[in-house]
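Reproduced below: final13.cif, with mmCIF, C-alpha atoms and all ligand atoms.
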data_my_file
loop_
_atom_site.label_atom_id
_atom_site.label_comp_id
_atom_site.auth_asym_id
_atom_site.auth_seq_id
_atom_site.Cartn_x
_atom_site.Cartn_y
_atom_site.Cartn_z
CA MET A 71 -15.50 -15.08 -51.76
CA THR A 72 -16.28 -12.13 -49.47
CA LYS A 73 -16.17 -14.49 -46.48
CA LEU A 74 -12.73 -15.72 -47.61
CA ASN A 75 -11.50 -12.14 -48.00
CA ASN A 76 -12.83 -11.25 -44.54
CA LYS A 77 -11.06 -14.28 -43.06
CA THR A 78 -7.77 -13.33 -44.77
CA ASN A 79 -8.13 -9.74 -43.55
CA THR A 80 -8.76 -10.92 -39.98
CA GLU A 81 -5.73 -13.23 -40.18
CA ILE A 82 -3.56 -10.34 -41.46
CA ASN A 83 -4.93 -8.05 -38.69
CA ASN A 84 -4.23 -10.70 -36.04
CA LYS A 85 -0.72 -11.21 -37.41
CA GLU A 86 -0.06 -7.45 -37.35
CA LYS A 87 -1.47 -7.22 -33.83
CA THR A 88 0.74 -10.11 -32.67
CA SER A 89 3.85 -8.59 -34.31
CA PHE A 90 3.10 -5.24 -32.68
CA LEU A 91 2.63 -6.85 -29.26
CA THR A 92 5.77 -8.96 -29.75
CA PHE A 93 7.64 -5.72 -30.52
CA LEU A 94 6.34 -3.98 -27.40
CA TYR A 95 6.74 -6.97 -25.10
CA VAL A 96 10.18 -7.64 -26.66
CA GLY A 97 9.22 -11.11 -27.76
CA ASN A 98 7.41 -12.22 -24.64
CA THR A 99 3.62 -12.22 -25.06
CA ASP A 100 2.49 -15.07 -22.82
CA THR A 101 2.98 -13.68 -19.31
CA VAL A 102 1.47 -10.31 -20.12
CA PHE A 103 0.26 -9.66 -16.59
CA SER A 104 3.47 -10.22 -14.63
CA GLU A 105 5.01 -7.10 -13.06
CA ASP A 106 8.30 -7.62 -14.95
CA THR A 107 6.55 -7.93 -18.31
CA ARG A 108 4.50 -4.82 -17.56
CA ARG A 109 7.68 -2.86 -16.84
CA VAL A 110 9.38 -4.17 -19.99
CA PHE A 111 6.29 -3.17 -21.96
CA ILE A 112 6.10 0.39 -20.61
CA ILE A 113 9.85 1.06 -20.85
CA ASN A 114 9.77 -0.17 -24.41
CA LEU A 115 6.76 2.02 -25.13
CA PHE A 116 8.47 5.09 -23.62
CA ALA A 117 11.61 4.39 -25.64
CA SER A 118 9.64 3.80 -28.87
CA VAL A 119 7.63 7.00 -28.44
CA GLY A 120 10.92 8.73 -27.59
CA VAL A 121 12.44 7.58 -30.90
CA LEU A 122 9.33 8.70 -32.82
CA PHE A 123 9.79 12.23 -31.46
CA THR A 124 13.55 12.64 -31.15
CA LEU A 125 14.42 11.22 -34.57
CA PRO A 126 12.37 13.64 -36.74
CA LEU A 127 12.98 16.57 -34.38
CA GLY A 128 16.71 15.81 -34.50
CA VAL A 129 16.72 15.80 -38.29
CA VAL A 130 14.70 19.05 -38.39
CA SER A 131 17.05 20.69 -35.88
CA ILE A 132 20.12 19.79 -37.96
CA TRP A 133 18.29 21.02 -41.06
CA GLN A 134 17.68 24.35 -39.30
CA GLY A 135 21.36 24.62 -38.40
CA LYS A 136 20.96 23.75 -34.68
CA LEU A 137 23.74 21.21 -34.78
CA LEU A 138 24.20 20.54 -31.06
CA LEU A 139 20.48 20.12 -30.40
CA GLY A 140 20.02 17.98 -33.51
CA VAL A 141 22.94 15.70 -32.65
CA SER A 142 21.73 15.35 -29.03
CA LEU A 143 18.27 14.32 -30.23
CA LEU A 144 19.73 11.84 -32.71
CA VAL A 145 22.03 10.38 -30.03
CA ILE A 146 18.97 9.83 -27.81
CA ALA A 147 17.08 8.25 -30.73
CA ILE A 148 20.00 5.84 -31.27
CA LEU A 149 20.32 5.16 -27.54
CA TYR A 150 16.60 4.35 -27.26
CA SER A 151 16.78 2.06 -30.31
CA LEU A 152 19.77 0.21 -28.79
CA ASN A 153 17.76 0.07 -25.58
CA HIS A 154 15.05 -1.88 -27.39
CA ILE A 155 17.59 -4.39 -28.73
CA TYR A 156 19.22 -4.77 -25.31
CA LEU A 157 15.82 -5.17 -23.63
CA ARG A 158 14.86 -7.80 -26.19
CA ARG A 159 18.02 -9.79 -25.45
CA THR A 160 18.21 -9.47 -21.68
CA HIS A 161 14.79 -8.31 -20.37
CA ASN A 162 16.85 -6.25 -17.90
CA HIS A 163 14.23 -3.52 -17.45
CA LYS A 164 16.02 -1.89 -14.53
CA LEU A 165 19.13 -0.94 -16.51
CA CYS A 166 17.04 -0.06 -19.58
CA GLY A 167 14.93 2.23 -17.36
CA TYR A 168 18.11 4.19 -16.52
CA PHE A 169 18.88 4.50 -20.23
CA VAL A 170 15.45 6.02 -20.75
CA ILE A 171 15.25 8.46 -17.86
CA TYR A 172 18.77 9.88 -17.38
CA PRO A 173 19.34 11.02 -20.99
CA LEU A 174 15.82 12.50 -20.80
CA TYR A 175 16.72 14.59 -17.71
CA VAL A 176 19.85 15.88 -19.44
CA LEU A 177 18.01 16.64 -22.67
CA MET A 178 15.26 18.55 -20.84
CA ILE A 179 17.71 20.64 -18.86
CA TYR A 180 19.58 21.39 -22.09
CA LEU A 181 16.31 22.33 -23.86
CA VAL A 182 15.37 24.74 -21.06
CA TYR A 183 18.89 26.17 -21.04
CA SER A 184 19.17 26.61 -24.80
CA GLY A 185 15.50 27.34 -25.50
CA GLY A 186 15.38 24.52 -28.04
CA VAL A 187 13.74 25.52 -31.32
CA ASN A 188 12.66 29.18 -31.15
CA GLY A 189 12.40 29.16 -27.36
CA THR A 190 9.98 26.22 -27.16
CA GLY A 191 12.36 23.88 -25.28
CA HIS A 192 10.62 24.15 -21.91
CA VAL A 193 7.28 22.77 -23.19
CA TRP A 194 8.74 19.24 -23.18
CA ILE A 195 9.58 19.07 -19.47
CA TYR A 196 6.06 17.96 -18.51
CA CYS A 197 6.68 14.43 -19.76
CA ILE A 198 9.33 13.98 -17.04
CA PRO A 199 7.17 13.41 -13.89
CA ALA A 200 5.15 10.49 -15.30
CA VAL A 201 8.26 8.72 -16.64
CA ALA A 202 10.32 9.28 -13.45
CA LEU A 203 7.56 8.12 -11.10
CA PHE A 204 6.72 5.06 -13.15
CA LEU A 205 10.34 3.95 -13.56
CA HIS A 206 11.59 4.66 -10.05
CA GLY A 207 8.46 4.58 -7.90
CA MET A 208 7.21 7.20 -5.42
CA LYS A 209 10.23 7.60 -3.15
CA ARG A 210 13.12 7.64 -5.58
CA GLY A 211 10.97 9.24 -8.30
CA LEU A 212 10.10 12.19 -6.04
CA ILE A 213 13.73 12.62 -4.94
CA GLU A 214 14.83 12.74 -8.58
CA LEU A 215 12.01 15.13 -9.47
CA THR A 216 13.03 17.43 -6.60
CA LEU A 217 16.61 17.42 -7.89
CA PHE A 218 15.32 18.04 -11.41
CA THR A 219 13.23 21.01 -10.17
CA LEU A 220 16.32 22.43 -8.41
CA ALA A 221 18.27 22.01 -11.64
CA LEU A 222 15.49 23.88 -13.48
CA ILE A 223 15.66 26.75 -10.94
CA LEU A 224 19.43 26.85 -11.31
CA VAL A 225 19.27 26.94 -15.10
CA MET A 226 16.44 29.46 -15.33
CA TYR A 227 17.45 31.86 -12.55
CA PHE A 228 21.16 31.53 -11.95
CA MET A 229 22.74 30.60 -15.26
CA ASP A 230 23.28 32.71 -18.26
CA SER A 231 20.54 30.90 -20.19
CA ARG A 232 19.08 32.21 -23.44
CA PHE A 233 15.62 32.54 -21.91
CA SER A 234 15.41 36.33 -22.14
CA GLU A 235 16.51 36.34 -25.78
CA PHE A 236 13.11 35.01 -26.88
CA GLY A 237 11.19 37.99 -25.55
CA TYR A 238 9.28 36.13 -22.82
CA HIS A 239 7.90 38.02 -19.86
CA GLU A 240 9.89 37.40 -16.63
CA THR A 241 6.84 35.81 -14.96
CA LEU A 242 6.92 32.90 -17.43
CA LYS A 243 9.82 31.33 -15.50
CA SER A 244 7.88 31.12 -12.25
CA ARG A 245 4.78 29.89 -14.14
CA ILE A 246 6.83 27.12 -15.77
CA LEU A 247 8.11 26.10 -12.33
CA PHE A 248 4.70 26.19 -10.64
CA SER A 249 2.96 24.33 -13.44
CA PHE A 250 5.77 21.73 -13.42
CA ILE A 251 5.32 21.26 -9.66
CA VAL A 252 1.54 20.87 -10.17
CA VAL A 253 2.17 18.15 -12.77
CA VAL A 254 4.62 16.43 -10.36
CA PHE A 255 1.96 16.58 -7.64
CA LEU A 256 -0.80 15.15 -9.87
CA SER A 257 1.50 12.44 -11.25
CA GLY A 258 2.51 11.60 -7.66
CA ILE A 259 -1.14 11.18 -6.62
CA TYR A 260 -1.78 9.00 -9.65
CA GLU A 261 1.33 6.87 -9.03
CA TYR A 262 0.47 6.52 -5.34
CA SER A 263 -3.10 5.35 -6.06
CA MET A 264 -1.87 3.02 -8.79
CA SER A 265 0.80 1.45 -6.61
CA ARG A 266 -1.72 1.00 -3.74
CA PHE A 267 -4.14 -0.58 -6.19
CA ASN A 268 -1.43 -2.86 -7.63
CA GLN A 269 -0.32 -3.88 -4.14
CA GLU A 270 -3.87 -4.82 -3.18
CA LEU A 271 -4.34 -6.61 -6.47
CA LYS A 272 -1.14 -8.60 -5.85
CA GLU A 273 -2.20 -9.53 -2.32
CA THR A 274 -5.68 -10.57 -3.50
CA THR A 275 -4.19 -12.62 -6.35
CA THR A 276 -1.84 -14.39 -3.93
CA LYS A 277 -4.78 -15.16 -1.60
CA LEU A 278 -6.98 -16.37 -4.45
CA LYS A 279 -4.18 -18.58 -5.79
CA LEU A 280 -3.76 -20.04 -2.32
CA TYR A 281 -7.49 -20.77 -2.10
CA ALA A 282 -7.57 -22.18 -5.62
CA TYR A 283 -4.66 -24.55 -5.06
CA THR A 284 -5.10 -25.54 -1.39
CA ASP A 285 -7.47 -27.90 0.34
CA PRO A 286 -9.11 -25.93 3.19
CA LEU A 287 -9.41 -28.92 5.57
CA THR A 288 -5.92 -30.45 5.43
CA LYS A 289 -4.05 -27.38 4.06
CA LEU A 290 -2.41 -29.71 1.54
CA LEU A 291 -2.36 -28.94 -2.18
CA ASN A 292 -5.66 -29.83 -3.77
CA ARG A 293 -6.08 -31.68 -7.08
CA ARG A 294 -5.63 -28.49 -9.15
CA GLY A 295 -2.62 -27.51 -7.04
CA ILE A 296 -0.65 -30.74 -7.48
CA LEU A 297 -1.47 -30.96 -11.20
CA GLN A 298 -0.19 -27.42 -11.69
CA ARG A 299 3.00 -28.14 -9.69
CA LEU A 300 3.65 -31.39 -11.58
CA GLU A 301 3.07 -29.72 -14.95
CA ILE A 302 5.62 -26.97 -14.25
CA SER A 303 8.09 -29.23 -12.42
CA THR A 304 11.60 -29.49 -13.87
CA GLN A 305 11.97 -33.06 -12.59
CA GLN A 306 12.21 -35.53 -15.47
CA SER A 307 10.53 -38.47 -13.76
CA PHE A 308 8.18 -38.98 -10.83
CA HIS A 309 6.48 -41.87 -9.14
CA LEU A 310 2.88 -41.39 -8.16
CA LEU A 311 1.25 -43.02 -5.15
CA LEU A 312 -2.50 -42.80 -4.97
CA ALA A 313 -3.57 -43.56 -1.40
CA ASP A 314 -7.12 -44.22 -0.21
CA VAL A 315 -8.37 -44.82 3.33
CA ASP A 316 -10.02 -48.22 3.69
CA PHE A 317 -13.65 -48.18 4.81
CA PHE A 318 -13.51 -44.52 5.70
CA LYS A 319 -17.29 -44.32 5.57
CA ARG A 320 -17.36 -46.47 8.75
CA ILE A 321 -15.26 -43.87 10.62
CA ASN A 322 -17.82 -41.20 9.74
CA ASP A 323 -20.75 -43.44 10.52
CA GLU A 324 -19.32 -44.70 13.81
CA TYR A 325 -17.68 -41.57 15.24
CA GLY A 326 -19.25 -38.70 13.33
CA HIS A 327 -18.11 -36.34 10.56
CA ASP A 328 -15.94 -34.18 12.85
CA VAL A 329 -13.86 -37.17 13.87
CA GLY A 330 -13.64 -38.10 10.16
CA ASP A 331 -12.32 -34.60 9.45
CA TYR A 332 -9.80 -34.91 12.26
CA ALA A 333 -8.62 -38.28 10.86
CA LEU A 334 -8.05 -36.75 7.40
CA THR A 335 -6.12 -33.80 8.88
CA GLN A 336 -3.97 -36.11 10.98
CA LEU A 337 -3.33 -38.34 7.99
CA ALA A 338 -2.24 -35.30 5.95
CA LYS A 339 0.30 -34.48 8.69
CA ILE A 340 1.69 -38.03 8.65
CA PHE A 341 2.05 -37.90 4.85
CA GLN A 342 3.73 -34.53 4.94
CA GLU A 343 6.18 -35.50 7.66
CA SER A 344 7.05 -38.73 5.85
CA LEU A 345 8.01 -37.22 2.46
CA PRO A 346 11.62 -38.20 1.72
CA LYS A 347 12.64 -34.99 -0.17
CA LYS A 348 11.58 -31.38 -0.22
CA ASP A 349 10.69 -31.61 -3.93
CA ASP A 350 8.23 -34.42 -3.20
CA LEU A 351 4.57 -33.43 -3.16
CA VAL A 352 1.47 -34.58 -1.38
CA SER A 353 -2.07 -33.50 -2.13
CA ARG A 354 -5.61 -34.25 -1.17
CA TRP A 355 -6.83 -35.74 -4.42
CA GLY A 356 -10.46 -35.74 -3.23
CA GLY A 357 -12.54 -37.14 -0.33
CA GLU A 358 -10.35 -39.70 1.49
CA GLU A 359 -7.89 -40.02 -1.43
CA PHE A 360 -4.37 -38.55 -1.42
CA LEU A 361 -1.91 -38.28 -4.29
CA ILE A 362 1.80 -38.35 -3.46
CA ALA A 363 4.52 -37.59 -6.02
CA VAL A 364 8.08 -38.64 -5.22
CA CYS A 365 11.15 -38.10 -7.36
CA GLY A 366 14.68 -39.52 -7.59
CA MET A 367 13.76 -43.10 -6.58
CA ASP A 368 13.37 -46.29 -8.59
CA GLU A 369 10.11 -48.22 -8.50
CA TYR A 370 11.26 -50.65 -5.82
CA GLU A 371 12.35 -47.80 -3.51
CA VAL A 372 8.98 -46.09 -3.97
CA PHE A 373 7.22 -49.38 -3.21
CA GLU A 374 9.32 -49.67 -0.02
CA PHE A 375 8.42 -46.09 0.89
CA ALA A 376 4.70 -46.81 0.36
CA GLU A 377 4.96 -49.88 2.57
CA ILE A 378 6.67 -47.92 5.37
CA LEU A 379 3.93 -45.29 5.12
CA ARG A 380 1.23 -47.93 5.12
CA HIS A 381 2.63 -49.59 8.27
CA ARG A 382 3.10 -46.18 9.94
CA VAL A 383 -0.59 -45.36 9.45
CA GLU A 384 -1.71 -48.88 10.37
CA SER A 385 0.10 -48.69 13.72
CA TYR A 386 -0.91 -45.08 14.45
CA GLU A 387 -3.62 -44.60 17.02
CA PHE A 388 -5.98 -41.81 15.98
CA SER A 389 -7.43 -40.19 19.05
CA HIS A 390 -10.02 -37.41 19.12
CA LEU A 391 -12.80 -36.43 21.56
CA ASP A 392 -12.40 -39.65 23.61
CA GLN A 393 -12.54 -41.72 20.46
CA ARG A 394 -9.66 -44.02 19.63
CA PHE A 395 -9.37 -45.93 16.40
CA HIS A 396 -7.03 -47.23 13.71
CA MET A 397 -7.12 -46.85 9.94
CA THR A 398 -5.48 -48.65 7.03
CA LEU A 399 -4.55 -47.46 3.56
CA SER A 400 -4.48 -48.95 0.08
CA PHE A 401 -1.96 -47.66 -2.46
CA GLY A 402 -1.73 -47.69 -6.26
CA LEU A 403 1.75 -47.01 -7.62
CA ALA A 404 2.70 -45.80 -11.12
CA GLY A 405 5.73 -44.18 -12.73
CA MET A 406 5.68 -41.03 -14.80
CA ASN A 407 8.51 -40.39 -17.24
CA SER A 408 9.19 -39.18 -20.80
CA SER A 409 7.15 -42.05 -22.28
CA THR A 410 4.23 -41.89 -19.81
CA SER A 411 2.25 -38.68 -19.52
CA LEU A 412 0.98 -37.35 -16.22
CA ARG A 413 -2.63 -38.24 -17.11
CA GLU A 414 -1.63 -41.78 -18.08
CA ALA A 415 0.34 -42.23 -14.85
CA ILE A 416 -2.62 -41.03 -12.76
CA THR A 417 -4.99 -43.43 -14.55
CA LEU A 418 -2.50 -46.25 -14.01
CA ALA A 419 -2.15 -45.43 -10.29
CA ASP A 420 -5.94 -45.28 -10.01
CA ASN A 421 -6.33 -48.71 -11.67
CA ARG A 422 -3.75 -50.20 -9.32
CA LEU A 423 -5.44 -48.65 -6.31
CA TYR A 424 -8.68 -50.28 -7.44
CA GLN A 425 -6.77 -53.56 -7.74
CA ALA A 426 -5.39 -53.15 -4.18
CA LYS A 427 -8.94 -52.60 -2.93
CA ARG A 428 -10.23 -55.64 -4.77
CA SER A 429 -7.39 -57.79 -3.45
CA GLY A 430 -8.41 -57.14 0.15
CA ARG A 431 -7.26 -53.56 0.93
CA ASN A 432 -4.39 -52.51 3.27
CA GLN A 433 -1.74 -53.15 0.60
CA THR A 434 0.29 -51.50 -2.18
CA CYS A 435 -0.28 -52.52 -5.77
CA ARG A 436 2.36 -51.87 -8.45
CA ALA A 437 3.08 -53.08 -11.97
N1 LIG A 501 -15.42 -36.51 7.46
C1 LIG A 501 -15.26 -36.41 6.15
N2 LIG A 501 -15.66 -37.43 5.36
C2 LIG A 501 -15.45 -37.32 4.03
C3 LIG A 501 -14.86 -36.19 3.46
N3 LIG A 501 -14.79 -36.39 2.11
C4 LIG A 501 -15.33 -37.60 1.87
N4 LIG A 501 -15.71 -38.17 3.02
C5 LIG A 501 -16.36 -39.45 3.23
O1 LIG A 501 -15.54 -40.50 2.79
C6 LIG A 501 -16.38 -41.64 2.60
C7 LIG A 501 -15.89 -42.40 1.41
O2 LIG A 501 -16.65 -43.55 1.35
P1 LIG A 501 -16.49 -44.63 0.20
O3 LIG A 501 -16.21 -43.96 -1.10
O4 LIG A 501 -17.71 -45.54 0.27
O5 LIG A 501 -15.20 -45.41 0.55
P2 LIG A 501 -14.75 -46.16 1.85
O6 LIG A 501 -15.83 -46.23 2.89
O7 LIG A 501 -13.47 -45.54 2.30
O8 LIG A 501 -14.49 -47.60 1.31
P3 LIG A 501 -13.33 -48.10 0.36
O9 LIG A 501 -12.68 -46.90 -0.24
O10 LIG A 501 -14.00 -48.94 -0.65
O11 LIG A 501 -12.40 -48.85 1.23
C8 LIG A 501 -17.81 -41.10 2.43
O12 LIG A 501 -18.55 -41.48 3.56
C9 LIG A 501 -17.61 -39.59 2.42
O13 LIG A 501 -18.68 -38.91 3.07
C10 LIG A 501 -14.47 -35.13 4.33
O14 LIG A 501 -13.95 -34.09 3.91
N5 LIG A 501 -14.68 -35.29 5.66
#

Write out the structure in this file as structure tokens.
Amino acid sequence: MTKLNNKTNTEINNKEKTSFLTFLYVGNTDTVFSEDTRRVFIINLFASVGVLFTLPLGVVSIWQGKLLLGVSLLVIAILYSLNHIYLRRTHNHKLCGYFVIYPLYVLMIYLVYSGGVNGTGHVWIYCIPAVALFLHGMKRGLIELTLFTLALILVMYFMDSRFSEFGYHETLKSRILFSFIVVVFLSGIYEYSMSRFNQELKETTTKLKLYAYTDPLTKLLNRRGILQRLEISTQQSFHLLLADVDFFKRINDEYGHDVGDYALTQLAKIFQESLPKKDDLVSRWGGEEFLIAVCGMDEYEVFEFAEILRHRVESYEFSHLDQRFHMTLSFGLAGMNSSTSLREAITLADNRLYQAKRSGRNQTCRA
């Protein structure tokens, strides 16, 4: 019974966690680590925290008779709530970022000018640097923060603000400015180190993806690479050609491993140059096997293409380190469409390749 209760509690907790994440990621929880999703998440978080503060403070301000301040806070609360809905529908984080930051600048300047509630308005300005630098990056963020600082100076020193009415010492103004500049400086250092770190992370991820999906010898996609590309492809149907070099072991044995490597690299070039369309793919499936995926052709056309390729390789003279030799290929052909899965098509192509080998090699076997 206790076990059952624990399970139900965990399920409820997981459900709540998922709903919370769905709220913050505006419905998109699968690509959590993409830069766009991260921005959507943080803008949404800023806006949600903004609503949590501006809504009650707005109500309190109206309650205390500070109508203008109260209405401004409520307008921002509404704006931030609409921002969430808009973000959920469009994922346009750039525009939503403007909706977060610009009303915030105006509100802060107004709070400093009016003193807010009992002269406490200026204490809120320190949230500005982090938000500005995150949303607009170092360059634009710092320009906006400089303009904001100038606006602060203007309001505090040159406008008839209500600052002196609250009995503050004159030095408080300069201390507010200096401490604000210190926070800008620290936020800038943080943003700079974070953006450097993110940049390096992005570059490393790109390199690792390249290594993970590419065959180092031929520079073609490897098995993982082509499977990933085929799984995400928008093409409805493909034909797969599994090609295998006949008696490749003899090349290695007769001419050495380096010549064998050269032959595989040269073969990869021939395959790549022969692909009919730019959406077609070729990969090194493993060892001396290559998987080619072609789209937009019927089975007969693919068979014809395989035969052309086979003859091209058969008549090609491989030449490396004074060694000259010829190679032949065997092909297994299979179609992949809505009724045949990728795995099934690969198995079928593999069976037909085996059949081509058994029937004497140097040929294409299809259904
Ligand atoms: N040089 C080189 N040889 C490789 C590489 N990968 C696999 N091979 C060799 O490819 C050969 C494959 O031999 P087998 O599987 O017996 O096939 P085969 O000699 O081509 O004979 P059939 O496929 O039956 O026509 C082996 O000798 C492997 O060492 C590679 O990256 N470089």

Residues within 12 Å of Ser303 of chain A, please, as a compact mmCIF listing (two decimals) with C-alpha atoms, in the frame of the given file. Count all atoms listed in the file; anything in the same chain fewer than 2 positions from it doesn't count.
# COMPACT_ATOMS: atom_id res chain seq x y z
CA ILE A 296 -0.65 -30.74 -7.48
CA LEU A 297 -1.47 -30.96 -11.20
CA GLN A 298 -0.19 -27.42 -11.69
CA ARG A 299 3.00 -28.14 -9.69
CA LEU A 300 3.65 -31.39 -11.58
CA GLU A 301 3.07 -29.72 -14.95
CA GLN A 305 11.97 -33.06 -12.59
CA GLN A 306 12.21 -35.53 -15.47
CA SER A 307 10.53 -38.47 -13.76
CA PHE A 308 8.18 -38.98 -10.83
CA ASP A 349 10.69 -31.61 -3.93
CA ASP A 350 8.23 -34.42 -3.20
CA LEU A 351 4.57 -33.43 -3.16
CA ALA A 363 4.52 -37.59 -6.02
CA VAL A 364 8.08 -38.64 -5.22
CA CYS A 365 11.15 -38.10 -7.36
CA LEU A 412 0.98 -37.35 -16.22

Residues of chain A within 9 Å of ligand LIG 501 (chain A): nearest atom pair and distance (Å, one decimal) for each, counting only C-alpha atoms and all ligand atoms, sorted by chain and number, as CSV?
residue,atom,partner,partner_atom,distance
A:Leu287,CA,A:LIG501,O14,7.1
A:Thr288,CA,A:LIG501,O14,8.9
A:Asp314,CA,A:LIG501,O9,6.2
A:Val315,CA,A:LIG501,O7,5.3
A:Asp316,CA,A:LIG501,O11,3.5
A:Phe317,CA,A:LIG501,O6,3.5
A:Phe318,CA,A:LIG501,O7,3.5
A:Lys319,CA,A:LIG501,O6,3.6
A:Arg320,CA,A:LIG501,O6,6.1
A:Ile321,CA,A:LIG501,N1,8.0
A:Asn322,CA,A:LIG501,N1,5.7
A:Asp323,CA,A:LIG501,O12,7.6
A:Gly326,CA,A:LIG501,N1,7.3
A:His327,CA,A:LIG501,N1,4.1
A:Asp328,CA,A:LIG501,N1,5.9
A:Val329,CA,A:LIG501,N1,6.6
A:Gly330,CA,A:LIG501,N1,3.6
A:Asp331,CA,A:LIG501,N1,4.1
A:Tyr332,CA,A:LIG501,N1,7.6
A:Ala333,CA,A:LIG501,N1,7.8
A:Leu334,CA,A:LIG501,N5,7.0
A:Gly356,CA,A:LIG501,N3,6.9
A:Gly357,CA,A:LIG501,N3,3.4
A:Glu358,CA,A:LIG501,O1,5.4
A:Glu359,CA,A:LIG501,O9,8.5
A:Leu399,CA,A:LIG501,O11,8.3
A:Ser400,CA,A:LIG501,O11,8.0
A:Tyr424,CA,A:LIG501,O10,8.7
A:Lys427,CA,A:LIG501,O11,6.6
A:Arg428,CA,A:LIG501,O10,8.7
A:Arg431,CA,A:LIG501,O11,7.0

Output for the residues just chosen: C-alpha atoms as a PDB file, in the coordinates of the input:
ATOM      1  CA  LEU A 287      -9.410 -28.920   5.570  1.00  0.00           C
ATOM      2  CA  THR A 288      -5.920 -30.450   5.430  1.00  0.00           C
ATOM      3  CA  ASP A 314      -7.120 -44.220  -0.210  1.00  0.00           C
ATOM      4  CA  VAL A 315      -8.370 -44.820   3.330  1.00  0.00           C
ATOM      5  CA  ASP A 316     -10.020 -48.220   3.690  1.00  0.00           C
ATOM      6  CA  PHE A 317     -13.650 -48.180   4.810  1.00  0.00           C
ATOM      7  CA  PHE A 318     -13.510 -44.520   5.700  1.00  0.00           C
ATOM      8  CA  LYS A 319     -17.290 -44.320   5.570  1.00  0.00           C
ATOM      9  CA  ARG A 320     -17.360 -46.470   8.750  1.00  0.00           C
ATOM     10  CA  ILE A 321     -15.260 -43.870  10.620  1.00  0.00           C
ATOM     11  CA  ASN A 322     -17.820 -41.200   9.740  1.00  0.00           C
ATOM     12  CA  ASP A 323     -20.750 -43.440  10.520  1.00  0.00           C
ATOM     13  CA  GLY A 326     -19.250 -38.700  13.330  1.00  0.00           C
ATOM     14  CA  HIS A 327     -18.110 -36.340  10.560  1.00  0.00           C
ATOM     15  CA  ASP A 328     -15.940 -34.180  12.850  1.00  0.00           C
ATOM     16  CA  VAL A 329     -13.860 -37.170  13.870  1.00  0.00           C
ATOM     17  CA  GLY A 330     -13.640 -38.100  10.160  1.00  0.00           C
ATOM     18  CA  ASP A 331     -12.320 -34.600   9.450  1.00  0.00           C
ATOM     19  CA  TYR A 332      -9.800 -34.910  12.260  1.00  0.00           C
ATOM     20  CA  ALA A 333      -8.620 -38.280  10.860  1.00  0.00           C
ATOM     21  CA  LEU A 334      -8.050 -36.750   7.400  1.00  0.00           C
ATOM     22  CA  GLY A 356     -10.460 -35.740  -3.230  1.00  0.00           C
ATOM     23  CA  GLY A 357     -12.540 -37.140  -0.330  1.00  0.00           C
ATOM     24  CA  GLU A 358     -10.350 -39.700   1.490  1.00  0.00           C
ATOM     25  CA  GLU A 359      -7.890 -40.020  -1.430  1.00  0.00           C
ATOM     26  CA  LEU A 399      -4.550 -47.460   3.560  1.00  0.00           C
ATOM     27  CA  SER A 400      -4.480 -48.950   0.080  1.00  0.00           C
ATOM     28  CA  TYR A 424      -8.680 -50.280  -7.440  1.00  0.00           C
ATOM     29  CA  LYS A 427      -8.940 -52.600  -2.930  1.00  0.00           C
ATOM     30  CA  ARG A 428     -10.230 -55.640  -4.770  1.00  0.00           C
ATOM     31  CA  ARG A 431      -7.260 -53.560   0.930  1.00  0.00           C
TER      32      ARG A 431
END

Protein, DNA and RNA residues within 10 Å of (17.0, 27.3, -23.7), all atoms listed in the file, as a PDB file with C-alpha atoms, keeping the file's coordinate frame:
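Contents of out-v6.pdb, freshly written:
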ATOM      1  CA  MET A 178      15.260  18.550 -20.840  1.00  0.00           C
ATOM      2  CA  ILE A 179      17.710  20.640 -18.860  1.00  0.00           C
ATOM      3  CA  TYR A 180      19.580  21.390 -22.090  1.00  0.00           C
ATOM      4  CA  LEU A 181      16.310  22.330 -23.860  1.00  0.00           C
ATOM      5  CA  VAL A 182      15.370  24.740 -21.060  1.00  0.00           C
ATOM      6  CA  TYR A 183      18.890  26.170 -21.040  1.00  0.00           C
ATOM      7  CA  SER A 184      19.170  26.610 -24.800  1.00  0.00           C
ATOM      8  CA  GLY A 185      15.500  27.340 -25.500  1.00  0.00           C
ATOM      9  CA  GLY A 186      15.380  24.520 -28.040  1.00  0.00           C
ATOM     10  CA  VAL A 187      13.740  25.520 -31.320  1.00  0.00           C
ATOM     11  CA  ASN A 188      12.660  29.180 -31.150  1.00  0.00           C
ATOM     12  CA  GLY A 189      12.400  29.160 -27.360  1.00  0.00           C
ATOM     13  CA  THR A 190       9.980  26.220 -27.160  1.00  0.00           C
ATOM     14  CA  GLY A 191      12.360  23.880 -25.280  1.00  0.00           C
ATOM     15  CA  HIS A 192      10.620  24.150 -21.910  1.00  0.00           C
ATOM     16  CA  VAL A 225      19.270  26.940 -15.100  1.00  0.00           C
ATOM     17  CA  MET A 226      16.440  29.460 -15.330  1.00  0.00           C
ATOM     18  CA  ASP A 230      23.280  32.710 -18.260  1.00  0.00           C
ATOM     19  CA  SER A 231      20.540  30.900 -20.190  1.00  0.00           C
ATOM     20  CA  ARG A 232      19.080  32.210 -23.440  1.00  0.00           C
ATOM     21  CA  PHE A 233      15.620  32.540 -21.910  1.00  0.00           C
ATOM     22  CA  SER A 234      15.410  36.330 -22.140  1.00  0.00           C
ATOM     23  CA  GLU A 235      16.510  36.340 -25.780  1.00  0.00           C
ATOM     24  CA  PHE A 236      13.110  35.010 -26.880  1.00  0.00           C
TER      25      PHE A 236
END

Exercise. Name all residues at most 12 Å from Thr284 of chain A (count all atoms listed in the file; drop same-chain ones fewer than 3 positions away) and give them as a ChimeraX atom specification.
Key: /A:276-281,287-299,352-356
